[in-house]
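Structure file start-v8.csv; described as CSV, C-alpha atoms.
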chain,number,residue,atom,x,y,z
C,1,MET,CA,-98.8,20.9,14.9
C,2,THR,CA,-95.3,19.7,15.1
C,3,GLU,CA,-95.3,16.7,12.8
C,4,LYS,CA,-93.1,16.7,9.7
C,5,GLN,CA,-94.2,18.4,6.6
C,6,ARG,CA,-94.7,16.3,3.5
C,7,PRO,CA,-91.4,15.7,1.8
C,8,LEU,CA,-90.5,18.0,-1.0
C,9,THR,CA,-92.1,16.9,-4.2
C,10,ASN,CA,-89.8,16.3,-7.1
C,11,ASP,CA,-91.4,17.0,-10.4
C,12,GLU,CA,-88.9,15.3,-12.7
C,13,PRO,CA,-88.1,11.6,-12.9
C,14,GLY,CA,-85.3,10.5,-10.7
C,15,GLY,CA,-86.0,12.9,-7.9
C,16,ARG,CA,-84.8,16.1,-9.5
C,17,ALA,CA,-86.6,19.4,-8.6
C,18,PRO,CA,-87.1,21.9,-11.4
C,19,ALA,CA,-84.1,24.2,-12.1
C,20,GLN,CA,-84.2,27.7,-10.6
C,21,PRO,CA,-82.7,30.9,-12.1
C,22,GLU,CA,-79.2,31.8,-11.2
C,23,VAL,CA,-78.8,33.8,-8.0
C,24,ASP,CA,-76.0,36.2,-7.1
C,25,ALA,CA,-72.5,35.0,-8.0
C,26,GLU,CA,-71.1,35.0,-4.4
C,27,SER,CA,-73.9,32.9,-2.9
C,28,ALA,CA,-73.9,30.5,-5.9
C,29,ALA,CA,-70.2,30.1,-6.2
C,30,LEU,CA,-68.9,26.6,-7.0
C,31,ILE,CA,-68.2,24.2,-4.3
C,32,GLU,CA,-66.8,21.6,-6.6
C,33,ALA,CA,-63.7,20.6,-4.7
C,34,PHE,CA,-65.0,20.1,-1.2
C,35,LEU,CA,-63.1,17.2,0.3
C,36,ARG,CA,-62.7,15.6,-3.2
C,37,GLY,CA,-59.9,18.1,-4.2
C,38,GLU,CA,-58.4,17.5,-7.5
C,39,GLY,CA,-57.7,13.9,-6.6
C,40,ALA,CA,-57.3,11.5,-3.7
C,41,ALA,CA,-54.7,12.3,-1.1
C,42,SER,CA,-51.6,10.2,-1.1
C,43,ALA,CA,-51.6,7.7,1.8
C,44,ASP,CA,-48.1,8.9,2.8
C,45,TRP,CA,-48.6,12.6,2.2
C,46,ARG,CA,-46.9,13.5,5.5
C,47,ALA,CA,-43.7,12.0,4.2
C,48,GLU,CA,-43.7,13.9,0.9
C,49,PRO,CA,-40.7,16.3,0.7
C,50,LEU,CA,-41.2,20.0,1.3
C,51,PRO,CA,-39.0,23.0,0.5
C,52,PRO,CA,-36.7,24.0,3.3
C,53,ASP,CA,-38.5,27.3,3.7
C,54,HIS,CA,-42.0,25.9,3.8
C,55,LYS,CA,-44.4,27.8,6.1
C,56,SER,CA,-47.6,26.7,7.8
C,57,GLY,CA,-49.9,27.9,10.6
C,58,PHE,CA,-53.3,28.8,11.8
C,59,VAL,CA,-55.0,32.1,11.0
C,60,ALA,CA,-58.0,33.2,13.1
C,61,VAL,CA,-60.5,35.4,11.2
C,62,ILE,CA,-62.5,37.4,13.7
C,63,GLY,CA,-64.8,40.3,13.7
C,64,ARG,CA,-68.3,41.4,14.5
C,65,PRO,CA,-71.3,39.9,12.6
C,66,ASN,CA,-71.7,40.7,8.9
C,67,VAL,CA,-68.3,42.2,8.2
C,68,GLY,CA,-67.5,39.6,5.4
C,69,LYS,CA,-65.3,37.1,7.3
C,70,SER,CA,-66.6,34.1,5.4
C,71,THR,CA,-66.3,35.8,2.1
C,72,LEU,CA,-62.7,36.7,2.9
C,73,VAL,CA,-61.9,33.1,3.9
C,74,ASN,CA,-63.4,31.9,0.6
C,75,ALA,CA,-61.3,34.4,-1.3
C,76,LEU,CA,-58.1,33.5,0.5
C,77,VAL,CA,-58.6,29.8,0.1
C,78,GLY,CA,-59.6,30.2,-3.6
C,79,GLN,CA,-62.7,28.0,-3.2
C,80,LYS,CA,-66.0,28.3,-1.4
C,81,VAL,CA,-65.6,26.6,2.0
C,82,ALA,CA,-68.1,28.7,3.9
C,83,ILE,CA,-71.7,29.7,3.2
C,84,VAL,CA,-72.3,33.4,2.8
C,85,SER,CA,-75.3,35.7,3.2
C,86,PRO,CA,-75.9,39.4,3.6
C,87,LYS,CA,-77.7,38.6,6.8
C,88,PRO,CA,-75.7,38.8,10.1
C,89,GLN,CA,-74.6,35.7,12.1
C,90,THR,CA,-74.6,33.4,9.1
C,91,THR,CA,-71.6,31.4,10.5
C,92,ARG,CA,-72.7,29.3,13.5
C,93,ARG,CA,-69.6,27.1,14.1
C,94,ARG,CA,-65.9,27.4,13.6
C,95,LEU,CA,-64.7,25.9,10.3
C,96,LEU,CA,-61.4,25.5,8.6
C,97,GLY,CA,-60.5,26.7,5.1
C,98,ILE,CA,-57.2,25.2,4.0
C,99,ARG,CA,-55.0,26.9,1.4
C,100,THR,CA,-52.0,24.7,0.3
C,101,ARG,CA,-49.4,25.9,-2.2
C,102,PRO,CA,-45.9,24.5,-2.8
C,103,ASP,CA,-44.3,26.8,-0.3
C,104,HIS,CA,-47.0,27.1,2.4
C,105,GLN,CA,-50.1,25.7,4.0
C,106,ALA,CA,-52.3,28.3,5.7
C,107,ILE,CA,-55.3,27.1,7.8
C,108,PHE,CA,-57.9,29.8,8.1
C,109,ILE,CA,-60.4,29.5,11.0
C,110,ASP,CA,-63.7,31.2,10.1
C,111,THR,CA,-65.5,32.2,13.3
C,112,PRO,CA,-69.0,33.3,14.2
C,113,GLY,CA,-69.4,37.1,14.7
C,114,ILE,CA,-68.3,38.3,18.1
C,115,HIS,CA,-70.8,40.5,20.0
C,116,ASP,CA,-71.3,41.3,23.7
C,117,ARG,CA,-75.0,40.6,24.1
C,118,PRO,CA,-76.0,37.1,23.0
C,119,LEU,CA,-79.7,36.6,23.1
C,120,HIS,CA,-79.8,32.8,23.5
C,121,ARG,CA,-77.6,29.8,24.4
C,122,LEU,CA,-76.6,29.3,20.7
C,123,GLY,CA,-75.4,32.9,20.6
C,124,THR,CA,-73.4,32.5,23.7
C,125,GLN,CA,-71.8,29.3,22.3
C,126,MET,CA,-71.0,31.1,19.0
C,127,VAL,CA,-69.2,34.0,20.8
C,128,GLU,CA,-67.3,31.7,23.2
C,129,SER,CA,-66.2,29.5,20.2
C,130,ALA,CA,-64.8,32.6,18.3
C,131,VAL,CA,-63.0,34.0,21.3
C,132,ALA,CA,-61.5,30.7,22.3
C,133,ILE,CA,-59.5,30.3,19.1
C,134,ILE,CA,-57.6,33.6,19.5
C,135,PRO,CA,-54.8,32.4,21.8
C,136,ASP,CA,-54.1,29.3,19.7
C,137,ALA,CA,-53.7,31.1,16.3
C,138,ASP,CA,-50.4,32.1,14.8
C,139,VAL,CA,-51.8,35.2,13.1
C,140,ILE,CA,-55.1,37.0,13.8
C,141,LEU,CA,-57.1,38.9,11.2
C,142,PHE,CA,-59.3,41.5,12.7
C,143,VAL,CA,-61.9,42.1,10.0
C,144,VAL,CA,-63.9,45.3,10.0
C,145,ASP,CA,-66.4,46.9,7.7
C,146,VAL,CA,-64.9,50.3,6.8
C,147,SER,CA,-68.0,51.4,4.9
C,148,VAL,CA,-69.5,52.3,8.3
C,149,PRO,CA,-67.9,53.9,11.4
C,150,PRO,CA,-66.6,51.7,14.2
C,151,GLY,CA,-69.4,50.4,16.5
C,152,PRO,CA,-69.6,49.1,20.0
C,153,GLU,CA,-69.0,45.5,18.8
C,154,ASP,CA,-65.7,46.5,17.1
C,155,ALA,CA,-64.6,48.3,20.2
C,156,HIS,CA,-65.5,45.2,22.3
C,157,ILE,CA,-63.3,43.0,20.1
C,158,ALA,CA,-60.5,45.5,20.3
C,159,ARG,CA,-60.6,45.3,24.1
C,160,LEU,CA,-60.5,41.5,24.0
C,161,LEU,CA,-57.4,41.3,21.8
C,162,PRO,CA,-54.6,42.6,24.0
C,163,ALA,CA,-55.2,39.9,26.6
C,164,LYS,CA,-56.3,37.1,24.3
C,165,ALA,CA,-53.8,37.5,21.5
C,166,GLU,CA,-50.8,38.0,23.8
C,167,ALA,CA,-47.8,38.4,21.5
C,168,ARG,CA,-49.5,37.2,18.3
C,169,PRO,CA,-49.6,39.6,15.4
C,170,VAL,CA,-53.0,41.2,14.7
C,171,LEU,CA,-53.6,42.4,11.1
C,172,PHE,CA,-56.4,44.9,10.6
C,173,VAL,CA,-58.4,43.8,7.5
C,174,LEU,CA,-60.3,46.9,6.3
C,175,ASN,CA,-63.0,45.2,4.3
C,176,LYS,CA,-65.5,46.7,1.9
C,177,MET,CA,-63.1,49.4,0.8
C,178,ASP,CA,-65.0,49.6,-2.5
C,179,GLN,CA,-67.9,51.1,-0.6
C,180,LEU,CA,-66.0,53.8,1.1
C,181,ARG,CA,-66.0,57.4,-0.3
C,182,LEU,CA,-62.5,58.8,-1.0
C,183,GLU,CA,-63.1,62.0,1.0
C,184,THR,CA,-64.0,60.1,4.1
C,185,ALA,CA,-61.5,57.2,3.7
C,186,GLN,CA,-58.5,58.5,5.8
C,187,ALA,CA,-60.6,59.6,8.8
C,188,ARG,CA,-62.6,56.4,8.7
C,189,ILE,CA,-59.5,54.2,8.6
C,190,GLU,CA,-57.8,56.1,11.4
C,191,SER,CA,-60.9,55.7,13.5
C,192,TYR,CA,-60.5,51.9,13.3
C,193,TRP,CA,-56.7,52.0,13.9
C,194,ALA,CA,-57.4,54.0,17.1
C,195,LEU,CA,-59.3,51.0,18.5
C,196,LEU,CA,-56.2,48.9,18.6
C,197,PRO,CA,-53.0,50.9,18.6
C,198,GLY,CA,-50.8,47.8,18.9
C,199,TYR,CA,-51.9,46.2,15.6
C,200,ALA,CA,-49.1,44.7,13.5
C,201,ASP,CA,-50.3,45.5,10.0
C,202,SER,CA,-53.2,46.8,8.1
C,203,MET,CA,-54.6,46.1,4.6
C,204,PRO,CA,-57.6,47.6,2.8
C,205,VAL,CA,-59.5,44.9,0.8
C,206,SER,CA,-62.7,44.1,-0.9
C,207,ALA,CA,-63.2,40.4,-0.2
C,208,LEU,CA,-66.2,40.2,-2.5
C,209,ARG,CA,-64.3,41.7,-5.5
C,210,GLY,CA,-61.0,40.1,-4.6
C,211,THR,CA,-59.2,43.4,-4.3
C,212,ASN,CA,-55.9,43.2,-2.4
C,213,VAL,CA,-56.6,39.7,-1.2
C,214,GLU,CA,-53.3,38.3,-2.6
C,215,ARG,CA,-51.4,41.3,-1.1
C,216,LEU,CA,-53.1,40.4,2.3
C,217,MET,CA,-52.0,36.8,1.8
C,218,SER,CA,-48.4,38.0,1.3
C,219,HIS,CA,-48.5,39.9,4.6
C,220,ILE,CA,-49.9,36.8,6.3
C,221,LEU,CA,-47.1,34.6,5.0
C,222,ASP,CA,-44.6,37.1,6.3
C,223,ARG,CA,-45.8,36.2,9.8
C,224,LEU,CA,-46.4,32.5,9.5
C,225,PRO,CA,-43.8,30.3,11.1
C,226,ALA,CA,-41.8,27.6,9.3
C,227,GLY,CA,-43.6,24.3,9.7
C,228,PRO,CA,-45.0,21.1,8.2
C,229,ARG,CA,-48.3,20.4,6.4
C,230,TYR,CA,-51.2,19.5,8.7
C,231,TYR,CA,-53.6,18.4,6.0
C,232,PRO,CA,-53.3,16.7,2.6
C,233,ASP,CA,-52.8,19.2,-0.2
C,234,THR,CA,-56.2,18.1,-1.7
C,235,GLN,CA,-58.2,19.0,1.4
C,236,LEU,CA,-59.9,22.3,1.6
C,237,THR,CA,-62.0,22.1,4.8
C,238,ASP,CA,-62.5,20.1,7.9
C,239,GLN,CA,-66.2,19.8,7.3
C,240,THR,CA,-67.8,16.5,6.4
C,241,GLU,CA,-69.9,16.2,3.3
C,242,ARG,CA,-72.9,15.7,5.6
C,243,GLN,CA,-72.2,19.0,7.4
C,244,ILE,CA,-71.7,20.8,4.1
C,245,ALA,CA,-75.1,19.5,2.9
C,246,ALA,CA,-76.8,20.9,5.9
C,247,GLU,CA,-75.1,24.3,5.4
C,248,LEU,CA,-76.0,24.4,1.7
C,249,VAL,CA,-79.7,23.9,2.7
C,250,ARG,CA,-79.4,26.6,5.3
C,251,GLU,CA,-77.7,29.0,2.8
C,252,ALA,CA,-80.8,28.6,0.6
C,253,VAL,CA,-83.1,29.4,3.5
C,254,LEU,CA,-81.0,32.5,4.3
C,255,ARG,CA,-81.3,33.5,0.6
C,256,TYR,CA,-85.0,33.2,0.2
C,257,THR,CA,-86.5,34.1,3.7
C,258,GLN,CA,-86.8,37.3,5.6
C,259,GLN,CA,-87.2,38.8,9.1
C,260,GLU,CA,-86.8,36.4,12.0
C,261,VAL,CA,-87.2,33.2,10.0
C,262,PRO,CA,-83.5,32.7,8.8
C,263,HIS,CA,-82.1,32.8,12.3
C,264,ALA,CA,-84.7,30.6,13.8
C,265,VAL,CA,-84.0,27.8,11.3
C,266,ALA,CA,-81.6,24.9,11.8
C,267,VAL,CA,-81.0,22.0,9.4
C,268,LEU,CA,-80.5,18.4,10.5
C,269,VAL,CA,-79.4,16.0,7.8
C,270,GLU,CA,-80.9,12.7,8.8
C,271,HIS,CA,-80.1,10.7,5.7
C,272,TYR,CA,-77.0,10.9,3.5
C,273,GLU,CA,-76.4,7.8,1.4
C,274,GLU,CA,-75.6,6.7,-2.2
C,275,ARG,CA,-78.3,4.4,-3.6
C,276,PRO,CA,-77.6,1.4,-5.9
C,277,ASN,CA,-78.5,3.5,-9.0
C,278,GLY,CA,-75.6,6.0,-8.0
C,279,VAL,CA,-78.0,8.8,-7.0
C,280,LEU,CA,-77.1,10.5,-3.7
C,281,TYR,CA,-80.1,10.6,-1.4
C,282,VAL,CA,-80.2,13.4,1.2
C,283,GLY,CA,-83.0,13.8,3.6
C,284,ALA,CA,-83.0,16.8,5.9
C,285,THR,CA,-85.3,18.3,8.5
C,286,LEU,CA,-85.6,22.1,8.9
C,287,TRP,CA,-86.3,23.1,12.4
C,288,VAL,CA,-88.2,26.3,13.2
C,289,GLU,CA,-89.0,27.7,16.7
C,290,LYS,CA,-92.6,28.8,16.2
C,291,GLU,CA,-95.7,27.4,14.5
C,292,SER,CA,-96.1,30.7,12.7
C,293,GLN,CA,-92.7,30.3,11.0
C,294,ARG,CA,-93.6,26.9,9.5
C,295,PRO,CA,-96.0,28.1,6.8
C,296,ILE,CA,-93.6,30.9,5.9
C,297,LEU,CA,-90.8,28.3,5.2
C,298,ILE,CA,-93.2,26.0,3.3
C,299,GLY,CA,-94.9,28.7,1.3
C,300,LYS,CA,-98.2,28.6,-0.6
C,301,GLY,CA,-98.6,25.2,-2.1
C,302,GLY,CA,-95.1,24.3,-0.9
C,303,GLU,CA,-93.5,26.7,-3.3
C,304,MET,CA,-91.0,28.2,-0.9
C,305,LEU,CA,-89.8,24.8,0.2
C,306,LYS,CA,-89.5,23.7,-3.4
C,307,ARG,CA,-87.4,26.8,-4.2
C,308,ILE,CA,-85.1,26.2,-1.2
C,309,GLY,CA,-84.8,22.6,-2.2
C,310,ALA,CA,-84.0,23.3,-5.8
C,311,ALA,CA,-81.3,25.8,-5.0
C,312,ALA,CA,-79.7,23.5,-2.4
C,313,ARG,CA,-79.9,20.4,-4.7
C,314,LYS,CA,-78.1,22.4,-7.4
C,315,GLU,CA,-75.2,23.2,-5.1
C,316,LEU,CA,-75.1,19.6,-3.7
C,317,GLU,CA,-74.8,18.3,-7.2
C,318,ARG,CA,-71.9,20.6,-7.9
C,319,MET,CA,-70.2,19.4,-4.7
C,320,VAL,CA,-70.5,15.6,-5.3
C,321,GLY,CA,-70.4,15.7,-9.1
C,322,ASN,CA,-73.5,13.5,-9.4
C,323,GLN,CA,-77.3,13.5,-9.3
C,324,VAL,CA,-78.9,14.2,-5.9
C,325,TYR,CA,-82.4,13.4,-4.7
C,326,LEU,CA,-83.2,15.8,-1.9
C,327,GLU,CA,-86.1,15.6,0.4
C,328,LEU,CA,-86.9,18.3,2.9
C,329,TRP,CA,-89.3,18.4,5.9
C,330,VAL,CA,-90.2,21.2,8.3
C,331,LYS,CA,-90.7,20.6,12.0
C,332,VAL,CA,-91.4,22.9,14.9
C,333,ARG,CA,-88.8,22.5,17.6
C,334,PRO,CA,-89.6,25.2,20.2
C,335,ASP,CA,-86.7,27.2,21.6
C,336,TRP,CA,-84.1,25.0,20.1
C,337,ARG,CA,-81.4,27.7,20.3
C,338,ASN,CA,-81.6,27.5,24.1
C,339,ARG,CA,-81.8,23.7,24.5
C,340,PRO,CA,-78.4,22.0,25.1
C,341,ARG,CA,-79.7,18.6,23.8
C,342,ASP,CA,-80.9,20.2,20.5
C,343,LEU,CA,-77.6,22.1,20.0
C,344,ARG,CA,-75.7,18.8,20.6
C,345,GLU,CA,-77.8,17.0,18.0
C,346,LEU,CA,-77.0,19.8,15.5
C,347,GLY,CA,-73.3,19.6,16.3
C,348,LEU,CA,-73.4,23.2,17.7
C,349,GLU,CA,-72.4,22.2,21.2
C,350,GLU,CA,-70.1,19.6,22.5

Structure encoded using structure tokens:
Amino acid sequence: MTEKQRPLTNDEPGGRAPAQPEVDAESAALIEAFLRGEGAASADWRAEPLPPDHKSGFVAVIGRPNVGKSTLVNALVGQKVAIVSPKPQTTRRRLLGIRTRPDHQAIFIDTPGIHDRPLHRLGTQMVESAVAIIPDADVILFVVDVSVPPGPEDAHIARLLPAKAEARPVLFVLNKMDQLRLETAQARIESYWALLPGYADSMPVSALRGTNVERLMSHILDRLPAGPRYYPDTQLTDQTERQIAAELVREAVLRYTQQEVPHAVAVLVEHYEERPNGVLYVGATLWVEKESQRPILIGKGGEMLKRIGAAARKELERMVGNQVYLELWVKVRPDWRNRPRDLRELGLEE
């Protein structure tokens, strides 16, 4: 069967699913200021005076899957602009995280994990998307997970950089330093440095704990050129609210499902509209690739789908600052990761 699953049942009046317990702090971090910022952008923000030493530029954040790139971008921006998960390949498209301060505007480009053996068309698109931004960035952050030794994917990225980065500075970001034993730290760090002898700088950090993130930011600013602001100071990301809604639902799927299911799921927001009573109505379809994945996502008596919906609705309400009525359906879309038409519909291929 490939028809839509019955919409998520809301047990409370007004379309509100029952509240769920708090989950880990990183995954449940506030998304209060997406697009809304602290106020509306001035219509003539481009004409606002800037200090003479104002810096701006684009910072590409690259690395293999599951090294903490999105967590690092969130930490550098100071707000959650990318979903996070302990599962690899969480990020599927490039997105911008925009950090604006009186003396600078840094635009961080969060990228999908780079690896050399994509298993489907979506994987190929993700890798190509990440590699393509390297030549256009002002600064490149090569993020590695120093809690484990360098692997083939780290070496693959290091081989790409000399040609792709040209004269642009590459900063080694040695993430997850809090998980590295002191007696192995020096040798482990040197093994990463050896991958790319021409790196411009290096900084040990824990993106999750915030350790050395501001020191890293200072090193980035040392290499950003003087320039204007490209975005209003209230804007934190280039994503639309509709795209963010889809990602929040997918984040909940990643949190609660296991094995092959998370990577076989896509979320298509089909309805996103404010109703006359002020409630935001969001209707989304969850695609899976196999009929066997559908009951896993729905759960016994619809419990898994309810759990996913309640977690996503809670984050949506934080984002919009208002009540949200969320309906979810599940549909089997065979082999969607290899179908260009499906990828275009999801906004994952141009």

Output as CSV one row per residue of range 91-210 of chain C within 7 Å of range 237-251 of chain C: the closest atom pair and its distance in Å to one decimal place, counting all atoms listed in the file, sorted by chain and residue number ascending.
residue,atom,partner,partner_atom,distance
C:Leu95,CA,C:Asp238,CA,6.7
C:Leu96,CA,C:Thr237,CA,5.1
C:Gly97,CA,C:Thr237,CA,4.8
C:Ile98,CA,C:Thr237,CA,5.8

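Remark: for Ala47 in chain C, the closest of the candidate residues C:Pro232, C:Pro334, C:Gly302, C:Pro340 is C:Pro232 (distances computed over all atoms listed in the file).
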
Straight-line distance linking CA of Ile157 in chain C with CA of Gly123 in chain C, stated in Å to one decimal
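Calculated distance between CA of Ile157 in chain C and CA of Gly123 in chain C is 15.8 Å.
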
Coordinates-based distance that separates CA of Gln259 in chain C from CA of Gly68 in chain C (Å, one decimal):
20.1 Å

Can you list every residue of range 108-213 of chain C that has an atom at most 12 Å from range 71-81 of chain C, with its nearest atom pair and the distance in Å to one decimal, using only C-alpha atoms, ordered by chain then number, as CSV?
residue,atom,partner,partner_atom,distance
C:Phe108,CA,C:Val73,CA,6.7
C:Ile109,CA,C:Val73,CA,8.1
C:Asp110,CA,C:Val73,CA,6.7
C:Thr111,CA,C:Val73,CA,10.1
C:Leu141,CA,C:Leu72,CA,10.3
C:Phe142,CA,C:Leu72,CA,11.4
C:Val143,CA,C:Leu72,CA,9.0
C:Val144,CA,C:Leu72,CA,11.2
C:Asp145,CA,C:Leu72,CA,11.9
C:Val173,CA,C:Leu72,CA,9.5
C:Leu174,CA,C:Leu72,CA,11.0
C:Asn175,CA,C:Leu72,CA,8.6
C:Lys176,CA,C:Leu72,CA,10.4
C:Val205,CA,C:Leu72,CA,9.0
C:Ser206,CA,C:Leu72,CA,8.3
C:Ala207,CA,C:Leu72,CA,4.9
C:Leu208,CA,C:Thr71,CA,6.4
C:Arg209,CA,C:Ala75,CA,8.9
C:Gly210,CA,C:Ala75,CA,6.6
C:Thr211,CA,C:Ala75,CA,9.7
C:Asn212,CA,C:Leu76,CA,10.4
C:Val213,CA,C:Leu76,CA,6.6
